[in-house]
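Engineer: Okay, handing you the structure first.
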Protein chains: 2
Amino acid sequence: MISTAQALADGVLAGDVRKASRLMRLIDDLAPVATEALKLIFPKTGRAWIIGITGSPGAGKSTLTDRLITAYRAQGKTVGVIAVDPTSPFTGGAILGDRIRMQGHATDPGVFIRSLATRGNLGGLSRATGDCLRVMDAMGRDVIIVETVGVGQDEIDIAQLAHTTVVVLVPGMGDDIQAIKAGILEVADVFVVNKADLDGADRVVRELRANLELRHAIKAPAMDHDTYHRMVRAKAEGTAPVAPEGPIEWEPPIQKVISAKGTGIDELVAAVASHQKHLVDTGEKAKREQTRAMTQFLTLLRDRLLRAGLERLERERGNLTDVAQRIAERKADPYVLADEIALTVR
Amino acid sequence: MISTAQALADGVLAGDVRKASRLMRLIDDLAPVATEALKLIFPKTGRAWIIGITGSPGAGKSTLTDRLITAYRAQGKTVGVIAVDPTSPFTGGAILGDRIRMQGHATDPGVFIRSLATRGNLGGLSRATGDCLRVMDAMGRDVIIVETVGVGQDEIDIAQLAHTTVVVLVPGMGDDIQAIKAGILEVADVFVVNKADLDGADRVVRELRANLELRHAIKAPAMDHDTYHRMVRAKAEGTAPVAPEGPIEWEPPIQKVISAKGTGIDELVAAVASHQKHLVDTGEKAKREQTRAMTQFLTLLRDRLLRAGLERLERERGNLTDVAQRIAERKADPYVLADEIALTVR
């Protein structure tokens with residue numbers, strides 16, 4: 001299949017789904033022509049509103065995404081979905097996208113869904129996500145939903161690619177809020193308490209609210225973990241008088257949703273729209289665009305540098321497996337080797 | 001504070017805790033002298049047995065680590081602990097290490113505990129973890145425990161730094177096994193079902209066992225997610241006749257533990273020892289050393305290259321924030337910039 005960068009870019013800019021799919025595959029394959037096409041489409045990007053959806057596994061994010069697609073389609077908006085799925089090599093393959101696809105959008109040309117699975121362990125996933133986001137943006141999709149599983153650093157990186165980050169919680173996940181403390185709560189623009197018909201939903205809402213109030217109250221990050229959680233609990237039970245201080249920039253709304261029934265979806269769409277309006281009105285949007293640009297650029301740079309570095313290493317020192325073997329036997333020094341290659345950049 | 005690389009290395013090799021702490025701080029600060037010291041100690045590393053402990057937040061890993069420390073100390077072994085803690089910037093600070101420290105090992109010179117928190121979003125955590133592992137190894141610690149929170153790619157990378165990876169599960173975490181499918185199950189050498197006095201512990205054990213049997217049965221990773229989980233469930237209920245195939249390399253034992261009471265800890269220590277014996281006897285240890293060396297080298301290389309690349313970028317193009325701003329305004333092209341820098345490596 002011969003595809004010139006220009007033909008790919010023209011196709012994508014015309015909204016051609018086949019060309020876009022092909023470009024995304026080429027991105028996945030690290031084909032040089034993909035980079036050239038990305039350069040051509042880059043100036044035309046920046047129109048889409050990007051919604052990140054993240055939260056623990058089992059929080060019902062796929063069904064929620066499905067409902068959001070339906071809601072945005074009803075508004076006449078075109079939708080792109082990138083399902084980032086760090087599926088284990090054992091269970092195999094990317095599945096989130098399939099799950100959403102099966103739910104009835106397969107024949108709607110206004111919905112374009114793409115799954116991205118983990119490729120190796122070198123952070124390539126964040127880079128590929130950024131690239132694919134740009135393709136969908138250049139296609140003219142009005143709304144792009146990026147769905148991720150998990151609470152790791154990759155997910156936080158990916159959350160930074162979004163304009164509006166929706167964090168999905170669900171009752172009964174062990175320690176509730178504490179269970180997903182790893183940086184995810186802080187990136188939320190909108191909270192969803194999904195499966196809100198289950199026992200414990202109100203407790204999750206209360207703890208979230210307490211957490212948000214504390215966020216205002218705590219200026220310096222000097223509190224130890226136990227004190228912090230004691231305060232959150234006390235606050236949830238209404239016993240600790242912790243007053244919010246200073247102006248509130250954006251108060252992340254907490255939306256109860258029952259995805260399976262569609263309950264709360266319209267309100268969620270409204271919350272996202274109101275966050276969008278907030279970002280635009282306050283000039284925060286420009287700031288967030290800068291953060292997004294920096295995150296995307298850094299992941300891109302890291303990826304390109306590592307690939308170039310490994311090429312150089314293999315050319316000069318033999319293949320990576322042999323190098324690793326020599327390091328394991330203490331016959332080569334990883335610090336010396338890494339410095340040697342990194343020095344070429346200086 | 002003036003510390004030459006040689007003085008730091010000599011101190012570490014003599015087991016000096018102050019010098020080791022200083023070197024780890026210098027590693028954290030990315031000080032050039034740290035790299036020089038790491039080069040000096042590197043040939044003396046490779047003696048310690050490294051145990052990775054990972055699993056969902058709330059699984060009780062800190063208490064488990066505490067119990068393991070006590071058990072290894074009772075065997076007369078010295079212990080190092082690295083608590084990798086992607087703590088949110090909001091709650092602040094590294095906490096796992098403190099939690100373990102508080103549990104009574106603070107005055108034992110045979111126990112050296114160090115917390116590592118997330119520094120930025122560029123994968124620096126894995127690199128720092130590898131460096132600190134080497135410091136503890138060079139100090140002569142017999143056993144080093146690396147404890148991580150979460151199920152993201154960072155955690156999987158860090159699991160690859162261990163000789164024996166212990167995955168901790170706990171009853172009642174939502175969808176149990178399905179909830180932590182993201183690659184963690186596959187890296188386990190030993191499973192711990194912690195809080196085994198809670199309801200549902202046996203169900204977790206059953207599902208794990210079914211999962212392990214399926215792992216033997218499935219050769220090609222071609223099964224879709226739903227089928228896979230249906231098979232796991234069926235197997236757990238004893239209805240699906242899925243026969244294991246081929247020779248069993250290492251069957252990860254499933255150990256029930258009640259950390260709070262110390263129940264099952266001796267058996268866990270025995271399971272780790274038997275895994276160690278297995279790796280040594282079968283020659284798998286050498287293979288694993290190679291994997292460890294490769295993971296460490298790649299994280300190191302990625303880190304060094306990015307730092308060098310950013311230095312070059314800021315020298316030639318101005319500071320990163322301004323560059324990001326120009327990218328956000330579509331006045332600069334991230335692909336062009338990244339290629340420009342990466343080309344210097346070629």
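Letters for chains follow the order of the structure tokens (A, B, ...), residue numbers begin at 1 for each chain, and ligand numbers begin at 1 in the order shown.
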If we count only C-alpha atoms and set the cut-off at 8 Å, which residues sit around Leu8 in chain B, ignoring sequence neighbours fewer than 3 positions away in its own chain? Please answer as a ChimeraX atom specification.

Structural biologist: /B:3-5,11-12,19-20,22-23,37

Engineer: Considering only C-alpha atoms, can you say which of B:Pro32, B:Ala338, B:Asp281, B:Gly264 comes closest to Phe297 in chain A?

Structural biologist: B:Ala338

Engineer: Report as a short mmCIF file (atom, residue, chain, number, x, y, z; two decimals) with C-alpha atoms, in the first residue's frame all protein, DNA and RNA residues lying within 7 Å of range 132-147 of chain B, evaluated on only C-alpha atoms, omitting residues in the same chain fewer than 5 positions from it.

Structural biologist:
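So out.cif came out as:
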```cif
data_model
loop_
_atom_site.label_atom_id
_atom_site.label_comp_id
_atom_site.auth_asym_id
_atom_site.auth_seq_id
_atom_site.Cartn_x
_atom_site.Cartn_y
_atom_site.Cartn_z
CA VAL B 12 28.15 2.95 50.19
CA LEU B 13 30.34 -0.10 49.59
CA ALA B 14 31.23 -0.06 53.31
CA GLY B 15 27.51 -0.10 54.11
CA ALA B 20 23.94 5.93 50.97
CA MET B 24 20.14 8.75 46.98
CA ILE B 41 29.60 1.05 42.61
CA LYS B 44 29.97 -4.42 42.95
CA THR B 45 26.23 -4.87 42.49
CA GLY B 46 24.30 -8.05 41.74
CA ARG B 47 24.29 -9.76 45.14
CA ALA B 48 20.93 -8.76 46.62
CA TRP B 49 17.70 -10.66 46.09
CA ILE B 50 15.12 -8.17 44.92
CA ILE B 51 11.48 -8.69 45.80
CA GLY B 52 8.86 -6.55 44.11
CA ILE B 53 5.55 -6.08 45.88
CA THR B 54 2.70 -4.65 43.91
CA LYS B 77 19.36 -10.97 56.79
CA THR B 78 19.79 -7.27 56.20
CA VAL B 79 16.92 -5.59 54.43
CA GLY B 80 16.50 -2.60 52.18
CA VAL B 81 13.09 -1.20 51.29
CA ILE B 82 12.24 1.16 48.46
CA ALA B 83 8.68 2.43 48.68
CA VAL B 84 7.69 3.84 45.31
#
```

Engineer: Within 6 Å of Ala324 in chain B, counting only C-alpha atoms, which residues qualify if same-chain residues fewer than 2 places away don't, as a list in words?

Structural biologist: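 Near Ala324 in chain B, the qualifying residues are Gln290, Ala293 and Met294 of chain A; Thr321, Asp322, Arg326 and Ile327 of chain B.
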
Engineer: Store the residues picked out above, limited to C-alpha atoms, as a PDB file, in the first residue's frame.

Structural biologist:
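Below you can see selection_31.pdb, which holds the result:
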```pdb
ATOM      1  CA  GLN A 290      -0.102  25.285  26.518  1.00  0.00           C
ATOM      2  CA  ALA A 293       1.144  21.240  23.892  1.00  0.00           C
ATOM      3  CA  MET A 294       3.953  20.711  26.385  1.00  0.00           C
TER       4      MET A 294
ATOM      5  CA  THR B 321       7.189  26.987  28.319  1.00  0.00           C
ATOM      6  CA  ASP B 322       7.656  29.432  25.436  1.00  0.00           C
ATOM      7  CA  ARG B 326       4.336  28.567  20.221  1.00  0.00           C
ATOM      8  CA  ILE B 327       3.227  24.976  19.597  1.00  0.00           C
TER       9      ILE B 327
END
```

Engineer: Would you kindly return, as a list in words, each protein, DNA or RNA residue with an atom no farther than 9 Å from any atom of Val257 in chain A, considering only C-alpha atoms and excluding same-chain residues fewer than 2 positions away?

Structural biologist: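 Returned residues: Leu64, Val192, Val193, Asn194, Lys195, Ala196, Asp197, Gln255, Ser259, Ala260, Lys261, Gly262, Thr263, Gly264, Ile265, Glu267 and Leu268 of chain A.
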
Engineer: To one decimal in Å, tell me the separation between CA of Glu249 in chain A and CA of Lys331 in chain B.

Structural biologist: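 Calculated distance between CA of Glu249 in chain A and CA of Lys331 in chain B is 29.1 Å.
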
Engineer: Quote the spacing between CA of Val167 in chain B and CA of Leu212 in chain B in Å to one decimal place.

Structural biologist: 13.5 Å
